[in-house]
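I have placed the structure first, in the form of structure tokens, so that the comments after it can refer back to it.
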Amino acid sequence: MSAKKLGLKQRYALMTRGLDWETSYQPMDKVFPYDTFEGIKIKDWSAWEDPFRLTMDNYWKFQAEKERKLYAVLDSFAQNNGQTGLSDARYVNAIKLFLTGVSPLEYQAHRGFAHAGRHLRGVGPRIAAQMQSLDELRHAQTQIHTISHYNKFFDGFHEFRHMHDRVWYLSVPKSFFDDARSAGPFEYMVAIGFAFEYVLTNLLFVPFMSGAAYNGDLATVTFGFSAQSDESRHMKLGIEVIKFLLEQHPDNLPIVQKWVDKWFWRGHRVLGLVAMMMDYMLPKRVMSWKEAWEIYFTQAGGALFQDLERYGLRVPKYADIATAEAEHLSHQNWAIFYQYTHAAGFHTWMPKPDEMDWLSEKYPNTFDKYYRPRFEMWAEMEKKGERFYNMALPQLCTTCQIPMGYTEPGDPTTICFRTSQYKGDTYHFCSDGCKDIFDGEPEKYSQSWLPVHQIFQGNCGGATVPDVLDWYKLNVGADNMDYAGSPDEKIWKAWQDAKKSQGAARPEDADAMTAAE
Amino acid sequence: MTQYASITLQNTDDARPIIEAILADNTDVQVLNMPGAVKLDRDHRIVVNRASVEERIGRSWDPQELHLVLISMAGNVDEDDDYFALEWKK
């Protein structure tokens, strides 16, 4: 008779515990130099509870299966010219923003978790951080691979990595991760594992990816949900970090609370890009940003913070402001990009009348009153050949690096300005949340690489807009400006015409037609 | 405020029997259908039972296979050979 199979809990304990040792040639404090300076006190590393009892053998098995499924879809999408079946080519611009703004963050997360894992002296969190590091690398690779298919047909994808490091609005997500990775290992785990993964990434990967499915992009929805299946594990790691730190020592509470407040607000600001993608860039919409915020922050976050009350942790500071901003965020962001379309690596447009009606329905308190009149005026100016471009370089918030276009809480007609003094200089902020973060660590944030300041200092290729765009490697006239009149629109229309005139035409035929013109 | 334990699964052939098992084994589940995804919410606790899934797919099933179709969740994980549960402790 074969030996009885061990239960999951026993198996897990045997394969993940007791694998560590105390160093003897070097003191432990020298081997792990970073896990004390943040002030976090750990009494018992073995008290770490793994949220999922996933062992390495199962991990490889499941990840391989996920990859096989994903690559089958990608092959099929490419072979069948899936790009011609999208709802509308405007959709592709959301994917441009994803590749330039989000995919490089996956790589940053890979590096960050590898580093944090190396520097935490307990074996439990080290294994969890190692698995997450591998997941994040997988996400970066699968996203780049999936989206490379669009690069064959559309503009704006070709220099995504280069653009991530240089383009003004991409400094918003980039600086977010630079900030987290230059913090200590515990702050990194709270920032990315808890505030970003647990509290906020659902907003990106669930309704937005569902939107990809709705708009005919089965390649993106497949990598999105494939990544999100790992994300569920990451979310649990994030909540475990919080519980572990709060159970270890009461002195940890104020430190953790400060990080939760800070990273909630940082994450909220970064996700403003997603708000705009959902409300303005998906030709067919699943739900509004406000509805998504209601489900994933107010409801899910509410349940979470109710659970964490027992440790004395409260809801992040300014959560009420963030919730009130859900009425305005996507509209204000889209207005910024519309004005600066000449300097963006994707196309913009004014919503069509039926899209404006959808926005009115979803935002009955704000859209018709504050945003529709402005957008209708801009659409009118476009018709007259007076399309509005903002040629002044905007003032940026020192913390989130977003142009100072947001309004005062409770007063959407007044721009919100805050300032702080540090070592004789004045620093500017878009909100109380961003000002508080600066005031907590002025030495760090006074060194921010702010794109507009860098342009004025002569560090971005030259003094004129064309010089800067060249330095961004932005292909002027193809990557930037409105969707109307773009090469993207031209190829899309050619495909649609070919479908009408030839029945089931192949896109190669449309290419030939376009080239023959 | 109600604390929903929640699980979101892909809307695929692999996930559908799991969704059916959840709906059969848990009372008062709220279902949100999105393109490509199904979100299931229940007050405080929601459970997936191995036996219930196996009955529907006609083969043995490891609750960790959930990882292949899982999109998101909310609640503390309670996991063993026979079930996978999410719960908020009262």
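Lettering and numbering for the structure tokens are positional, with chains as A, B, ... in the shown order, residues counted from 1 in each chain, and ligands counted from 1 in the shown order.
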Using only C-alpha atoms, I'd like every residue of chain B that has an atom within 8 Å of chain A; please write them out as a PDB file with C-alpha atoms, in the first residue's frame.
```pdb
ATOM      1  CA  MET B   1     -21.713  48.457   6.178  1.00  0.00           C
ATOM      2  CA  THR B   2     -21.950  44.995   4.632  1.00  0.00           C
ATOM      3  CA  GLN B   3     -18.570  43.304   4.335  1.00  0.00           C
ATOM      4  CA  TYR B   4     -18.684  41.348   1.105  1.00  0.00           C
ATOM      5  CA  GLN B  10     -13.066  34.420 -15.860  1.00  0.00           C
ATOM      6  CA  MET B  34     -19.048  41.872 -16.890  1.00  0.00           C
ATOM      7  CA  PRO B  35     -17.685  41.137 -20.387  1.00  0.00           C
ATOM      8  CA  GLY B  36     -15.262  38.233 -19.863  1.00  0.00           C
ATOM      9  CA  ALA B  37     -15.629  38.145 -16.073  1.00  0.00           C
ATOM     10  CA  GLN B  64      -5.550  25.306  -6.243  1.00  0.00           C
ATOM     11  CA  GLU B  65      -6.590  24.945  -9.902  1.00  0.00           C
ATOM     12  CA  HIS B  67      -5.443  30.003  -9.800  1.00  0.00           C
ATOM     13  CA  LEU B  68      -5.955  29.340 -13.508  1.00  0.00           C
ATOM     14  CA  VAL B  69      -9.257  31.214 -13.730  1.00  0.00           C
ATOM     15  CA  LEU B  70      -9.104  33.610 -10.796  1.00  0.00           C
ATOM     16  CA  ILE B  71      -9.217  37.346 -11.519  1.00  0.00           C
ATOM     17  CA  SER B  72      -9.707  38.939  -8.141  1.00  0.00           C
ATOM     18  CA  MET B  73     -11.033  38.433  -4.665  1.00  0.00           C
ATOM     19  CA  ALA B  74     -11.751  40.081  -1.312  1.00  0.00           C
ATOM     20  CA  GLY B  75     -11.618  38.527   2.145  1.00  0.00           C
ATOM     21  CA  ASN B  76      -9.130  36.455   4.118  1.00  0.00           C
ATOM     22  CA  VAL B  77      -8.129  33.194   2.438  1.00  0.00           C
ATOM     23  CA  GLU B  79      -7.621  27.090   2.006  1.00  0.00           C
ATOM     24  CA  ASP B  80      -7.350  23.306   2.400  1.00  0.00           C
ATOM     25  CA  ASP B  81      -7.495  20.123   0.307  1.00  0.00           C
ATOM     26  CA  TRP B  88     -14.204  38.496   6.819  1.00  0.00           C
ATOM     27  CA  LYS B  89     -14.249  37.531  10.476  1.00  0.00           C
TER      28      LYS B  89
END
```
Exercise for the section: Write out as a VMD selection string which residues come within 9 Å of Val31 (chain A) when counting only C-alpha atoms, dropping same-chain ones fewer than 3 positions away. Expected result: chain A and resid 23 26 to 28 119 121
Generate a file of the selected residues that holds C-alpha atoms, formatted as a PDB file, in the first residue's frame.
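Dumped everything to selection_30.pdb:
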```
ATOM      1  CA  THR A  23      24.753  33.334   9.254  1.00  0.00           C
ATOM      2  CA  GLN A  26      29.059  37.594   9.049  1.00  0.00           C
ATOM      3  CA  PRO A  27      26.610  39.002  11.588  1.00  0.00           C
ATOM      4  CA  MET A  28      22.950  38.887  10.430  1.00  0.00           C
ATOM      5  CA  HIS A 119      16.619  42.238   2.236  1.00  0.00           C
ATOM      6  CA  ARG A 121      15.515  38.368   6.939  1.00  0.00           C
TER       7      ARG A 121
END
```
Practice task
Write out as a list in words which residues come within 10 Å of region 138-140 of chain A when counting only C-alpha atoms, dropping same-chain ones fewer than 2 positions away.
Solution key: Gln63, Glu67, Leu99, Val102, Ser103, Pro104, Leu105, Glu106, Tyr107, Gln108, Ala109, His110, Gln132, Ser133, Leu134, Asp135, Glu136, Thr142, Gln143, Ile144, His145, Phe223, Gly224, Ser226, Ala227, Gln228 and Asp230 of chain A
Atoms kept (C-alpha atoms) for selection, written as a CSV table (one decimal), in the first residue's frame:
```csv
chain,number,residue,atom,x,y,z
A,63,GLN,CA,2.2,29.4,-14.4
A,67,GLU,CA,1.4,30.8,-20.4
A,99,LEU,CA,2.4,49.9,-22.9
A,102,VAL,CA,2.0,50.5,-17.1
A,103,SER,CA,4.1,47.6,-18.6
A,104,PRO,CA,7.4,49.3,-17.5
A,105,LEU,CA,6.0,49.4,-14.0
A,106,GLU,CA,5.6,45.6,-14.1
A,107,TYR,CA,9.3,45.4,-14.7
A,108,GLN,CA,10.0,47.9,-11.9
A,109,ALA,CA,7.9,45.7,-9.6
A,110,HIS,CA,10.0,42.7,-10.6
A,132,GLN,CA,5.9,37.9,-6.9
A,133,SER,CA,9.2,39.1,-8.5
A,134,LEU,CA,8.9,36.2,-11.0
A,135,ASP,CA,5.2,37.0,-11.7
A,136,GLU,CA,6.0,40.6,-12.4
A,142,THR,CA,3.6,39.0,-21.8
A,143,GLN,CA,2.4,42.5,-22.1
A,144,ILE,CA,5.2,43.6,-24.4
A,145,HIS,CA,4.8,40.4,-26.4
A,223,PHE,CA,-2.9,38.8,-20.8
A,224,GLY,CA,-4.8,41.1,-18.4
A,226,SER,CA,-3.7,36.0,-16.9
A,227,ALA,CA,-1.7,38.7,-15.0
A,228,GLN,CA,-4.7,39.3,-12.6
A,230,ASP,CA,-1.2,36.3,-10.1
```
Exercise for the section: Taking the DSSP assignment computed from this structure's backbone, write out as a PyMOL selection string all residues of region 259-506 of chain A that belong to strand (DSSP E). Expected result: chain A and resi 407-408+411-415+418-422+425-429
